[in-house]
Amino acid sequence: MAARKRFIAGAVCPECRQQDKLYIEDDPTIARCNACGYEMTQPDEAGAPAESPGEQAVTLVNFDRKKDE
């Protein structure tokens with residue numbers, strides 16, 4: 001069975017600059033471009049610099065609502 005591609009909404013490929021073409025499959029640490037084949041990996045350590053200056057870094061943050069006291 002082929003792996004299902006999950007596209008990353010709003011992401012721009014650093015190589016071909018096309019939007020909404022980056023996807024992940026089974027390994028969520030590797031993103032690939034459906035248009036040009038570019039592949040990028042997530043850094044091993046949080047806050048580590050990107051592998052090349054053209055790469056984008058995205059951090060997801062989950063904020064909890066403050067409960068009324």
# chains A, B, ... in the order shown; residues from 1 in each chain; ligands from 1
$ residues_around --residues "Gly10 (chain A)" --least-positions-apart "2" --cutoff "8 Å" --atoms "only C-alpha atoms" --output "list of chain:residue names"
A:Ile8, A:Val12, A:Gln19, A:Asp20
$ residues_around --residues "region 32-41 of chain A" --least-positions-apart "2" --cutoff "6 Å" --atoms "only C-alpha atoms" --output "count of residues only"
5
$ atom_distance --atom1 "CA of Glu25 (chain A)" --atom2 "CA of Ala3 (chain A)"
6.0 Å
$ atom_distance --atom1 "CA of Ile24 (chain A)" --atom2 "CA of Arg6 (chain A)"
5.3 Å
